[in-house]
file model.txt (compact mmCIF, C-alpha atoms and all ligand atoms)
# COMPACT_ATOMS: atom_id res chain seq x y z
CA MET A 25 31.96 4.76 -31.63
CA GLU A 26 29.35 6.02 -29.20
CA ALA A 27 27.17 3.45 -27.43
CA PHE A 28 23.55 3.32 -28.56
CA LYS A 29 20.75 2.47 -26.17
CA CYS A 30 17.14 1.47 -26.81
CA GLU A 31 14.77 4.43 -26.46
CA ARG A 32 12.09 2.26 -24.86
CA CYS A 33 13.95 -0.09 -22.51
CA GLY A 34 17.51 1.24 -22.34
CA ALA A 35 19.15 -1.99 -23.48
CA PRO A 36 22.39 -1.64 -25.48
CA LEU A 37 21.97 -1.76 -29.26
CA GLU A 38 24.24 -3.33 -31.84
CA VAL A 39 24.93 -0.64 -34.40
CA SER A 40 27.32 -0.72 -37.37
CA PRO A 41 28.25 2.28 -39.54
CA GLU A 42 25.61 1.15 -42.10
CA THR A 43 22.77 0.74 -39.60
CA ILE A 44 19.73 2.89 -40.36
CA VAL A 45 17.37 1.40 -37.80
CA ALA A 46 18.21 -0.92 -34.91
CA VAL A 47 15.44 -3.17 -33.63
CA CYS A 48 15.98 -3.76 -29.90
CA HIS A 49 16.58 -7.44 -29.26
CA TYR A 50 14.96 -7.23 -25.81
CA CYS A 51 11.75 -5.31 -26.47
CA GLY A 52 11.40 -5.10 -30.27
CA PHE A 53 11.37 -1.31 -30.40
CA PRO A 54 12.66 0.12 -33.72
CA ASN A 55 15.31 2.73 -32.89
CA HIS A 56 15.97 5.17 -35.69
CA ILE A 57 19.75 5.70 -36.01
CA THR A 58 20.38 7.62 -39.22
CA GLY A 59 19.04 8.29 -42.74
CA ASN A 60 15.54 8.74 -44.07
CA LEU A 61 13.17 6.23 -42.48
CA LYS A 62 9.88 6.46 -40.57
CA THR A 63 9.67 3.80 -37.89
CA GLU A 64 5.84 3.91 -38.05
CA ASP A 65 6.20 2.49 -41.58
CA MET A 66 8.02 -0.60 -40.33
CA PHE A 67 6.11 -3.87 -40.43
CA LEU A 68 6.86 -7.44 -39.50
CA VAL A 69 5.51 -10.76 -40.72
CA PRO A 70 5.37 -12.87 -37.53
CA SER A 71 7.45 -16.02 -37.55
CA LEU A 72 6.63 -19.55 -36.48
CA SER A 73 8.74 -20.91 -33.63
CA LYS A 74 11.93 -22.94 -33.97
CA GLY A 75 10.01 -26.06 -32.94
CA GLN A 76 7.41 -25.51 -35.66
CA ILE A 77 10.17 -25.13 -38.26
CA ALA A 78 11.71 -28.42 -37.09
CA GLU A 79 8.30 -30.08 -37.54
CA ALA A 80 8.01 -28.57 -41.01
CA PHE A 81 11.46 -29.97 -41.84
CA TRP A 82 10.49 -33.52 -40.85
CA ARG A 83 7.15 -33.24 -42.67
CA ASN A 84 9.15 -32.39 -45.79
CA VAL A 85 11.44 -35.36 -45.27
CA GLU A 86 8.37 -37.62 -45.06
CA ARG A 87 6.91 -36.15 -48.23
CA ASP A 88 10.14 -36.32 -50.25
CA PHE A 89 10.53 -39.63 -52.07
CA ASP A 90 14.33 -39.62 -51.82
CA LEU A 91 14.69 -38.22 -48.30
CA ARG A 92 12.07 -40.52 -46.80
CA ARG A 93 14.24 -43.56 -47.53
CA ILE A 94 17.22 -42.14 -45.61
CA LYS A 95 15.37 -40.33 -42.83
CA ASN A 96 16.87 -42.50 -40.08
CA SER A 97 20.34 -41.32 -41.09
CA ILE A 98 19.40 -37.64 -41.16
CA GLN A 99 20.36 -35.57 -38.16
CA ILE A 100 19.52 -31.90 -37.62
CA ILE A 101 22.67 -29.97 -36.69
CA GLU A 102 21.32 -26.47 -36.31
CA ILE A 103 18.22 -24.38 -36.95
CA GLU A 104 18.89 -20.70 -37.53
CA GLY A 105 16.22 -18.03 -37.97
CA HIS A 106 16.25 -14.31 -38.58
CA TYR A 107 14.19 -11.40 -39.86
CA ALA A 108 15.64 -9.68 -42.93
CA PRO A 109 14.53 -6.20 -44.05
CA TYR A 110 12.89 -5.49 -47.42
CA TRP A 111 11.44 -2.35 -48.94
CA VAL A 112 7.94 -2.88 -50.30
CA GLY A 113 5.85 -0.46 -52.35
CA GLU A 114 3.73 0.27 -55.40
CA VAL A 115 5.01 2.06 -58.46
CA HIS A 116 2.74 3.36 -61.20
CA VAL A 117 4.32 3.26 -64.66
CA GLU A 118 2.98 5.00 -67.72
CA GLY A 119 4.17 5.62 -71.25
CA ARG A 120 4.55 4.35 -74.78
CA VAL A 121 6.51 1.45 -76.23
CA ASP A 122 6.90 0.96 -79.98
CA TYR A 123 8.39 -2.35 -81.00
CA THR A 124 8.94 -4.67 -83.93
CA VAL A 125 8.40 -8.39 -84.16
CA ILE A 126 9.73 -10.38 -87.09
CA GLU A 127 7.14 -12.92 -88.15
CA GLU A 128 6.79 -15.47 -90.89
CA GLU A 129 3.78 -14.98 -93.12
CA CYS A 130 2.63 -17.85 -95.27
CA GLU A 131 0.01 -18.08 -97.96
CA THR A 132 -1.23 -21.00 -100.02
CA TYR A 133 -1.92 -20.54 -103.70
CA THR A 134 -2.65 -22.60 -106.77
CA ASP A 135 0.13 -22.80 -109.32
CA SER A 136 -0.26 -22.88 -113.12
CA ARG A 137 -0.68 -26.69 -113.12
CA GLY A 138 -3.44 -26.57 -110.56
CA GLY A 139 -1.31 -27.78 -107.60
CA THR A 140 -1.52 -26.24 -104.14
CA ARG A 141 1.62 -24.52 -102.93
CA THR A 142 2.67 -22.55 -99.89
CA ARG A 143 4.78 -19.44 -100.06
CA CYS A 144 6.38 -17.90 -96.95
CA ARG A 145 8.29 -14.73 -96.26
CA THR A 146 9.46 -12.91 -93.16
CA VAL A 147 7.77 -9.63 -92.41
CA GLU A 148 8.38 -6.96 -89.82
CA LYS A 149 5.28 -6.20 -87.78
CA HIS A 150 5.15 -2.95 -85.89
CA TYR A 151 3.28 -2.50 -82.65
CA SER A 152 2.61 0.41 -80.36
CA ASP A 153 1.48 -0.14 -76.75
CA TYR A 154 0.36 2.27 -74.12
CA VAL A 155 1.59 1.09 -70.72
CA ASP A 156 -0.46 2.21 -67.72
CA GLU A 157 -0.25 -0.02 -64.66
CA THR A 158 0.76 -0.29 -61.02
CA LEU A 159 3.52 -2.71 -60.05
CA ASN A 160 3.95 -4.22 -56.60
CA LEU A 161 7.65 -4.29 -55.87
CA ILE A 162 9.84 -5.75 -53.15
CA GLY A 163 13.61 -5.48 -52.79
CA SER A 164 16.22 -6.21 -50.17
CA ALA A 165 17.10 -3.33 -47.83
CA ARG A 166 20.62 -4.73 -47.45
CA ARG A 167 23.73 -4.13 -49.49
CA GLN A 168 25.31 -7.56 -49.10
CA VAL A 169 25.15 -10.20 -51.77
CA GLU A 170 21.96 -12.12 -51.15
CA SER A 171 22.42 -15.44 -49.40
CA PHE A 172 21.01 -18.77 -50.56
CA GLY A 173 17.21 -18.82 -50.54
CA VAL A 174 16.54 -15.07 -50.47
CA THR A 175 15.12 -14.85 -53.99
CA ASP A 176 12.95 -17.88 -53.19
CA ILE A 177 11.65 -16.21 -50.02
CA VAL A 178 10.78 -13.08 -52.01
CA ARG A 179 8.95 -15.12 -54.65
CA HIS A 180 7.01 -16.99 -51.97
CA TYR A 181 6.11 -13.71 -50.25
CA SER A 182 4.74 -12.27 -53.51
CA LYS A 183 2.62 -15.37 -53.95
CA THR A 184 1.25 -15.65 -50.42
CA ARG A 185 1.12 -12.03 -49.17
CA PRO A 186 1.15 -12.97 -45.46
CA LYS A 187 -0.35 -10.75 -42.72
CA GLU A 188 1.83 -7.96 -41.36
CA LYS A 189 2.03 -6.26 -37.99
CA ARG A 190 3.23 -2.73 -37.35
CA LEU A 191 6.46 -3.04 -35.38
CA LEU A 192 5.60 -0.11 -33.08
CA ASP A 193 2.33 -1.82 -32.06
CA LEU A 194 4.11 -4.84 -30.60
CA ASP A 195 4.74 -4.69 -26.87
CA GLU A 196 7.53 -6.45 -25.06
CA SER A 197 5.59 -9.64 -24.33
CA GLN A 198 4.38 -9.99 -27.94
CA TRP A 199 7.94 -9.45 -29.17
CA GLU A 200 9.19 -12.08 -26.75
CA LYS A 201 7.09 -14.71 -28.58
CA LEU A 202 8.15 -13.64 -32.08
CA LYS A 203 11.68 -12.49 -31.60
CA LEU A 204 14.59 -13.56 -33.74
CA GLU A 205 17.80 -11.89 -34.75
CA VAL A 206 17.03 -8.88 -36.99
CA LEU A 207 19.49 -8.23 -39.81
CA ASN A 208 20.56 -4.62 -40.27
CA THR A 209 18.70 -2.29 -42.59
CA GLU A 210 21.30 -0.59 -44.77
CA MET A 211 19.18 1.27 -47.30
CA ASP A 212 16.99 4.19 -46.31
CA GLU A 213 13.67 5.24 -47.82
CA GLU A 214 15.18 7.73 -50.22
CA GLN A 215 17.52 5.09 -51.68
CA ALA A 216 14.66 2.60 -51.79
CA ARG A 217 12.44 5.02 -53.75
CA LEU A 218 15.18 5.47 -56.31
CA MET A 219 15.75 1.72 -56.60
CA MET A 220 12.03 1.01 -56.95
CA ARG A 221 11.57 3.46 -59.80
CA GLU A 222 14.53 1.91 -61.60
CA ASP A 223 13.25 -1.60 -60.92
CA ALA A 224 9.80 -0.68 -62.26
CA ILE A 225 11.26 0.56 -65.54
CA ASP A 226 13.39 -2.60 -65.76
CA VAL A 227 10.32 -4.82 -65.28
CA ILE A 228 8.58 -3.18 -68.24
CA ARG A 229 11.70 -3.10 -70.40
CA ASN A 230 12.42 -6.79 -69.73
CA ARG A 231 8.85 -7.68 -70.60
CA TYR A 232 9.19 -6.06 -74.03
CA SER A 233 12.73 -7.34 -74.61
CA ALA A 234 11.32 -10.83 -74.18
CA LYS A 235 8.61 -10.51 -76.79
CA ALA A 236 10.03 -8.02 -79.29
CA ASP A 237 12.82 -8.42 -81.82
CA ARG A 238 13.50 -4.72 -81.61
CA ILE A 239 12.33 -1.91 -79.35
CA ASP A 240 11.95 1.23 -81.49
CA ARG A 241 10.81 3.66 -78.86
CA PHE A 242 10.68 3.32 -75.08
CA GLU A 243 9.18 6.27 -73.28
CA VAL A 244 7.92 4.90 -69.98
CA LYS A 245 8.06 6.89 -66.79
CA ALA A 246 7.82 5.62 -63.22
CA ASN A 247 5.96 7.78 -60.72
CA GLU A 248 6.94 8.23 -57.08
CA PRO A 249 6.42 4.93 -55.18
CA ARG A 250 3.37 4.76 -52.93
CA ASN A 251 2.52 2.77 -49.78
CA ILE A 252 6.22 2.34 -49.22
CA ARG A 253 7.16 0.45 -46.08
CA LEU A 254 9.99 -1.50 -44.54
CA LEU A 255 9.06 -5.12 -44.03
CA LEU A 256 10.83 -7.70 -41.87
CA LEU A 257 10.44 -11.19 -43.32
CA PRO A 258 11.34 -14.28 -41.28
CA MET A 259 13.59 -16.87 -42.89
CA TRP A 260 14.86 -20.11 -41.35
CA THR A 261 17.70 -22.39 -42.38
CA VAL A 262 17.85 -25.97 -41.15
CA TYR A 263 21.34 -27.48 -41.32
CA TYR A 264 21.36 -31.25 -41.31
CA LYS A 265 23.85 -34.03 -41.57
CA PHE A 266 23.83 -37.11 -43.74
CA GLU A 267 26.88 -39.37 -44.20
CA ASN A 268 29.39 -36.79 -42.96
CA SER A 269 28.12 -34.01 -45.20
CA ILE A 270 26.09 -30.99 -44.16
CA PHE A 271 23.08 -29.89 -46.22
CA HIS A 272 20.61 -27.14 -45.67
CA ALA A 273 16.98 -26.34 -46.27
CA VAL A 274 15.50 -22.83 -46.27
CA PHE A 275 11.98 -22.23 -44.94
CA ALA A 276 9.64 -19.23 -45.10
CA GLY A 277 9.11 -18.27 -41.46
CA TRP A 278 5.41 -17.37 -41.74
CA ASP A 279 4.02 -20.65 -43.08
CA GLY A 280 6.90 -23.15 -42.84
CA LYS A 281 7.07 -23.70 -46.60
CA ARG A 282 10.39 -25.10 -47.77
CA VAL A 283 11.47 -22.69 -50.50
CA ALA A 284 14.97 -23.96 -51.35
CA SER A 285 17.37 -26.69 -50.27
CA THR A 286 20.45 -28.70 -51.03
CA GLU A 287 19.86 -32.42 -50.62
CA PRO A 288 21.98 -35.55 -50.41
CA MET A 289 21.93 -37.82 -53.35
CA THR A 290 20.65 -41.21 -52.42
CA ALA A 291 22.57 -44.36 -53.19
CA LEU A 292 20.21 -45.16 -56.05
CA ARG A 293 20.70 -41.76 -57.68
CA ARG A 294 24.44 -42.10 -57.21
CA VAL A 295 24.31 -45.37 -59.15
CA GLU A 296 22.29 -43.66 -61.90
CA TYR A 297 24.84 -40.88 -62.18
CA LEU A 298 27.78 -43.28 -62.07
CA GLY A 299 26.01 -45.17 -64.85
CA GLY A 300 26.18 -41.92 -66.78
CA VAL A 301 29.92 -41.69 -66.17
CA ALA A 302 30.44 -45.28 -67.37
CA LEU A 303 28.33 -44.64 -70.46
CA GLY A 304 30.37 -41.54 -71.25
CA ILE A 305 33.65 -43.44 -70.94
CA LEU A 306 32.24 -46.28 -73.03
CA ILE A 307 31.17 -43.96 -75.86
CA GLY A 308 34.59 -42.34 -75.79
CA ALA A 309 36.42 -45.68 -75.84
CA VAL A 310 34.29 -47.33 -78.54
CA GLY A 311 34.33 -44.24 -80.70
CA GLY A 312 38.06 -43.92 -80.26
CA ALA A 313 38.72 -47.53 -81.20
CA TYR A 314 36.41 -47.43 -84.20
CA GLY A 315 37.82 -44.15 -85.42
CA ALA A 316 41.43 -45.29 -85.11
CA ASN A 317 40.76 -48.49 -87.07
CA SER A 318 38.95 -46.86 -89.94
CA GLY A 319 41.18 -43.86 -90.06
CA ALA A 320 38.25 -41.50 -89.57
CA PHE A 321 39.92 -38.94 -87.38
CA ALA A 322 37.01 -36.58 -87.32
CA LEU A 323 34.77 -39.26 -85.86
CA THR A 324 37.37 -40.10 -83.23
CA GLY A 325 37.53 -36.51 -82.15
CA ILE A 326 33.78 -36.13 -81.94
CA THR A 327 33.08 -39.32 -80.04
CA ILE A 328 35.93 -38.85 -77.58
CA GLY A 329 34.72 -35.32 -77.11
CA LEU A 330 31.13 -36.41 -76.54
CA GLY A 331 32.24 -39.17 -74.21
CA SER A 332 34.28 -36.86 -72.05
CA VAL A 333 31.54 -34.26 -71.94
CA LEU A 334 29.07 -36.91 -70.77
CA SER A 335 31.34 -38.40 -68.13
CA GLY A 336 32.48 -34.95 -67.12
CA TYR A 337 28.89 -33.84 -66.58
CA PHE A 338 27.85 -36.89 -64.61
CA GLY A 339 31.16 -37.02 -62.77
CA LEU A 340 30.62 -33.47 -61.58
CA LYS A 341 27.17 -34.39 -60.30
CA VAL A 342 28.58 -37.20 -58.21
CA LEU A 343 31.37 -35.02 -56.82
CA GLU A 344 28.82 -32.49 -55.69
CA GLY A 345 26.87 -35.28 -54.04
CA GLN A 346 23.87 -33.04 -53.72
CA ARG A 347 21.05 -31.60 -55.69
CA VAL A 348 19.43 -28.24 -55.40
CA GLU A 349 15.67 -28.14 -55.03
CA ARG A 350 13.57 -25.05 -55.36
CA GLY A 351 10.00 -25.16 -54.20
CA GLY A 352 7.40 -23.73 -56.57
ZN ZN B 401 14.34 -2.09 -26.06

call {"tool": "encode", "arguments": {"input": "model.txt", "output": "structure tokens"}}
result
Amino acid sequence: MEAFKCERCGAPLEVSPETIVAVCHYCGFPNHITGNLKTEDMFLVPSLSKGQIAEAFWRNVERDFDLRRIKNSIQIIEIEGHYAPYWVGEVHVEGRVDYTVIEEECETYTDSRGGTRTRCRTVEKHYSDYVDETLNLIGSARRQVESFGVTDIVRHYSKTRPKEKRLLDLDESQWEKLKLEVLNTEMDEEQARLMMREDAIDVIRNRYSAKADRIDRFEVKANEPRNIRLLLLPMWTVYYKFENSIFHAVFAGWDGKRVASTEPMTALRRVEYLGGVALGILIGAVGGAYGANSGAFALTGITIGLGSVLSGYFGLKVLEGQRVERGG
């Protein structure tokens, strides 16, 4: 493969067959490689530094009831940060949705003896909505399966809408302060436009699927996306060690918010879960003994089953030795 060099500073670029734009590691210049993409529409949400993420990690440990008690045994192994590319844009959707909801209608009446009675029946209610709205959409510009924390980063971005900087406006010294590894962009603008229109229709369809028992007519069209841009979002992962196991916490790079993590289970929680295992075994044993004595085989089956489900569930929790936390 031919060697690519940065248009601005001449440094060598890392380019794979899927690369659409390569951001120079040395100067931050976005080099267009292939596909449909305008580098003036590339933006970046500036990241905090590695040190600030470490501080955010320890602040979280202090705030977390379980982690605080074991903080002296926690050791940071590695802090890794990168910018990942996302396509962002607005899609206007318009059209008609007819749907049916099955409802219960009740009425009270007085019977022949003068008593009050209630009579209910199910009825089909028909609705017709006109959809006319603009959706703000964001989607990964990569083809790989999303790694742990990505959906949480996206949710946090939609909630906070952090400030963006045009990548081309950053000079070398500004880039030097913000730079992190930049993951490859593997989806160009044309593909992103297609995806966004499909996503927009899905958003509306899912909304109606959730509230309707039946969709009778769905004629909603998505217009061409507007204000479409490629956005680099910073994400950090802190790997830390506790009792010979490695856990990780994912942070949003712009404000240091912990968005997702796996955490060690403290000794107390372990006891609680083991209690669950013991209880499960106990139910199984008692049920089994009782059932065998009285000849009630059905009961034996059910209680042994319940017991093993309980101990299986709690046993699994202990084996994992960790819990998954997602920040809201
Ligand atoms: Zn360069």

call {"tool": "atom_distance", "arguments": {"input": "model.txt", "atom1": "atom CA of A:Arg282", "atom2": "atom CA of A:Asn160"}}
result
23.6 Å

call {"tool": "closest_residue", "arguments": {"input": "model.txt", "among": "A:Leu159, A:Leu192, A:Met220, A:Val283", "to": "ligand ZN 401 (chain B)", "atoms": "only C-alpha atoms and all ligand atoms"}}
result
A:Leu192

call {"tool": "closest_atom_pairs", "arguments": {"input": "model.txt", "of": "chain A", "to": "ligand ZN 401 (chain B)", "cutoff": "12 Å", "atoms": "all atoms listed in the file", "output": "JSON lines"}}
result
{"residue": "A:Phe28", "atom": "CA", "partner": "B:ZN401", "partner_atom": "ZN", "distance": 11.0}
{"residue": "A:Lys29", "atom": "CA", "partner": "B:ZN401", "partner_atom": "ZN", "distance": 7.9}
{"residue": "A:Cys30", "atom": "CA", "partner": "B:ZN401", "partner_atom": "ZN", "distance": 4.6}
{"residue": "A:Glu31", "atom": "CA", "partner": "B:ZN401", "partner_atom": "ZN", "distance": 6.5}
{"residue": "A:Arg32", "atom": "CA", "partner": "B:ZN401", "partner_atom": "ZN", "distance": 5.0}
{"residue": "A:Cys33", "atom": "CA", "partner": "B:ZN401", "partner_atom": "ZN", "distance": 4.1}
{"residue": "A:Gly34", "atom": "CA", "partner": "B:ZN401", "partner_atom": "ZN", "distance": 5.9}
{"residue": "A:Ala35", "atom": "CA", "partner": "B:ZN401", "partner_atom": "ZN", "distance": 5.5}
{"residue": "A:Pro36", "atom": "CA", "partner": "B:ZN401", "partner_atom": "ZN", "distance": 8.1}
{"residue": "A:Leu37", "atom": "CA", "partner": "B:ZN401", "partner_atom": "ZN", "distance": 8.3}
{"residue": "A:Glu38", "atom": "CA", "partner": "B:ZN401", "partner_atom": "ZN", "distance": 11.5}
{"residue": "A:Ala46", "atom": "CA", "partner": "B:ZN401", "partner_atom": "ZN", "distance": 9.7}
{"residue": "A:Val47", "atom": "CA", "partner": "B:ZN401", "partner_atom": "ZN", "distance": 7.7}
{"residue": "A:Cys48", "atom": "CA", "partner": "B:ZN401", "partner_atom": "ZN", "distance": 4.5}
{"residue": "A:His49", "atom": "CA", "partner": "B:ZN401", "partner_atom": "ZN", "distance": 6.6}
{"residue": "A:Tyr50", "atom": "CA", "partner": "B:ZN401", "partner_atom": "ZN", "distance": 5.2}
{"residue": "A:Cys51", "atom": "CA", "partner": "B:ZN401", "partner_atom": "ZN", "distance": 4.2}
{"residue": "A:Gly52", "atom": "CA", "partner": "B:ZN401", "partner_atom": "ZN", "distance": 6.0}
{"residue": "A:Phe53", "atom": "CA", "partner": "B:ZN401", "partner_atom": "ZN", "distance": 5.3}
{"residue": "A:Pro54", "atom": "CA", "partner": "B:ZN401", "partner_atom": "ZN", "distance": 8.1}
{"residue": "A:Asn55", "atom": "CA", "partner": "B:ZN401", "partner_atom": "ZN", "distance": 8.4}
{"residue": "A:Leu192", "atom": "CA", "partner": "B:ZN401", "partner_atom": "ZN", "distance": 11.4}
{"residue": "A:Leu194", "atom": "CA", "partner": "B:ZN401", "partner_atom": "ZN", "distance": 11.5}
{"residue": "A:Asp195", "atom": "CA", "partner": "B:ZN401", "partner_atom": "ZN", "distance": 10.0}
{"residue": "A:Glu196", "atom": "CA", "partner": "B:ZN401", "partner_atom": "ZN", "distance": 8.1}
{"residue": "A:Ser197", "atom": "CA", "partner": "B:ZN401", "partner_atom": "ZN", "distance": 11.7}
{"residue": "A:Trp199", "atom": "CA", "partner": "B:ZN401", "partner_atom": "ZN", "distance": 10.2}
{"residue": "A:Glu200", "atom": "CA", "partner": "B:ZN401", "partner_atom": "ZN", "distance": 11.3}

call {"tool": "residues_around", "arguments": {"input": "model.txt", "residues": "A:Ser182", "least_positions_apart": "5", "cutoff": "9 Å", "atoms": "all atoms listed in the file", "output": "PDB file with C-alpha atoms, keeping the file's coordinate frame"}}
result
ATOM      1  CA  ASN A 160       3.950  -4.220 -56.600  1.00  0.00           C
ATOM      2  CA  LEU A 161       7.650  -4.290 -55.870  1.00  0.00           C
ATOM      3  CA  ILE A 162       9.840  -5.750 -53.150  1.00  0.00           C
ATOM      4  CA  ILE A 177      11.650 -16.210 -50.020  1.00  0.00           C
TER       5      ILE A 177
END

call {"tool": "closest_residue", "arguments": {"input": "model.txt", "among": "A:Pro70, A:Pro186, A:Gly280, A:Gly113", "to": "A:Arg83", "atoms": "all atoms listed in the file"}}
result
A:Gly280

call {"tool": "residues_around", "arguments": {"input": "model.txt", "residues": "A:Arg185", "least_positions_apart": "4", "cutoff": "12 Å", "atoms": "all atoms listed in the file", "output": "list in words"}}
result
Val69, Val112, Asn160, Ile162, Ile177, Val178, Arg179, His180, Tyr181, Leu255, Leu257, Ala276, Trp278 and Asp279 of chain A

call {"tool": "residues_around", "arguments": {"input": "model.txt", "residues": "A:Tyr133", "least_positions_apart": "6", "cutoff": "10 Å", "atoms": "only C-alpha atoms", "output": "list in words"}}
result
Gly139, Thr140, Arg141, Thr142 and Arg143 of chain A

call {"tool": "residues_around", "arguments": {"input": "model.txt", "residues": "A:Ile270", "least_positions_apart": "4", "cutoff": "9 Å", "atoms": "only C-alpha atoms", "output": "PyMOL selection string"}}
result
chain A and resi 101+263-266+288

call {"tool": "atom_distance", "arguments": {"input": "model.txt", "atom1": "atom CA of A:Gln198", "atom2": "atom CA of A:Met259"}}
result
18.9 Å

call {"tool": "atom_distance", "arguments": {"input": "model.txt", "atom1": "atom CA of A:Thr124", "atom2": "atom CA of A:Asp237"}}
result
5.8 Å

call {"tool": "residues_around", "arguments": {"input": "model.txt", "residues": "A:Glu104", "least_positions_apart": "4", "cutoff": "8 Å", "atoms": "only C-alpha atoms", "output": "ChimeraX atom specification"}}
result
/A:260-262

call {"tool": "closest_residue", "arguments": {"input": "model.txt", "among": "A:Val147, A:Thr58, A:Ile103, A:Trp111", "to": "A:Ala80", "atoms": "only C-alpha atoms"}}
result
A:Ile103

call {"tool": "axis_aligned_box", "arguments": {"input": "model.txt", "around": "stretch 33-42 of chain A", "padding_each_side": "6 Å", "output": "lines of an AutoDock Vina configuration file"}}
result
center_x = 21.1
center_y = -0.5
center_z = -32.2
size_x = 26.3
size_y = 17.6
size_z = 31.8

call {"tool": "closest_atom_pairs", "arguments": {"input": "model.txt", "of": "stretch 99-201 of chain A", "to": "stretch 244-251 of chain A", "cutoff": "8 Å", "atoms": "only C-alpha atoms", "output": "tab-separated table"}}
result
residue	atom	partner	partner_atom	distance
A:Val112	CA	A:Asn251	CA	7.8
A:Gly113	CA	A:Asn251	CA	5.3
A:Glu114	CA	A:Arg250	CA	5.1
A:Val115	CA	A:Pro249	CA	4.6
A:His116	CA	A:Asn247	CA	5.5
A:Val117	CA	A:Ala246	CA	4.5
A:Glu118	CA	A:Val244	CA	5.4
A:Gly119	CA	A:Val244	CA	4.0
A:Arg120	CA	A:Val244	CA	5.9
A:Val121	CA	A:Val244	CA	7.3
A:Val155	CA	A:Val244	CA	7.4
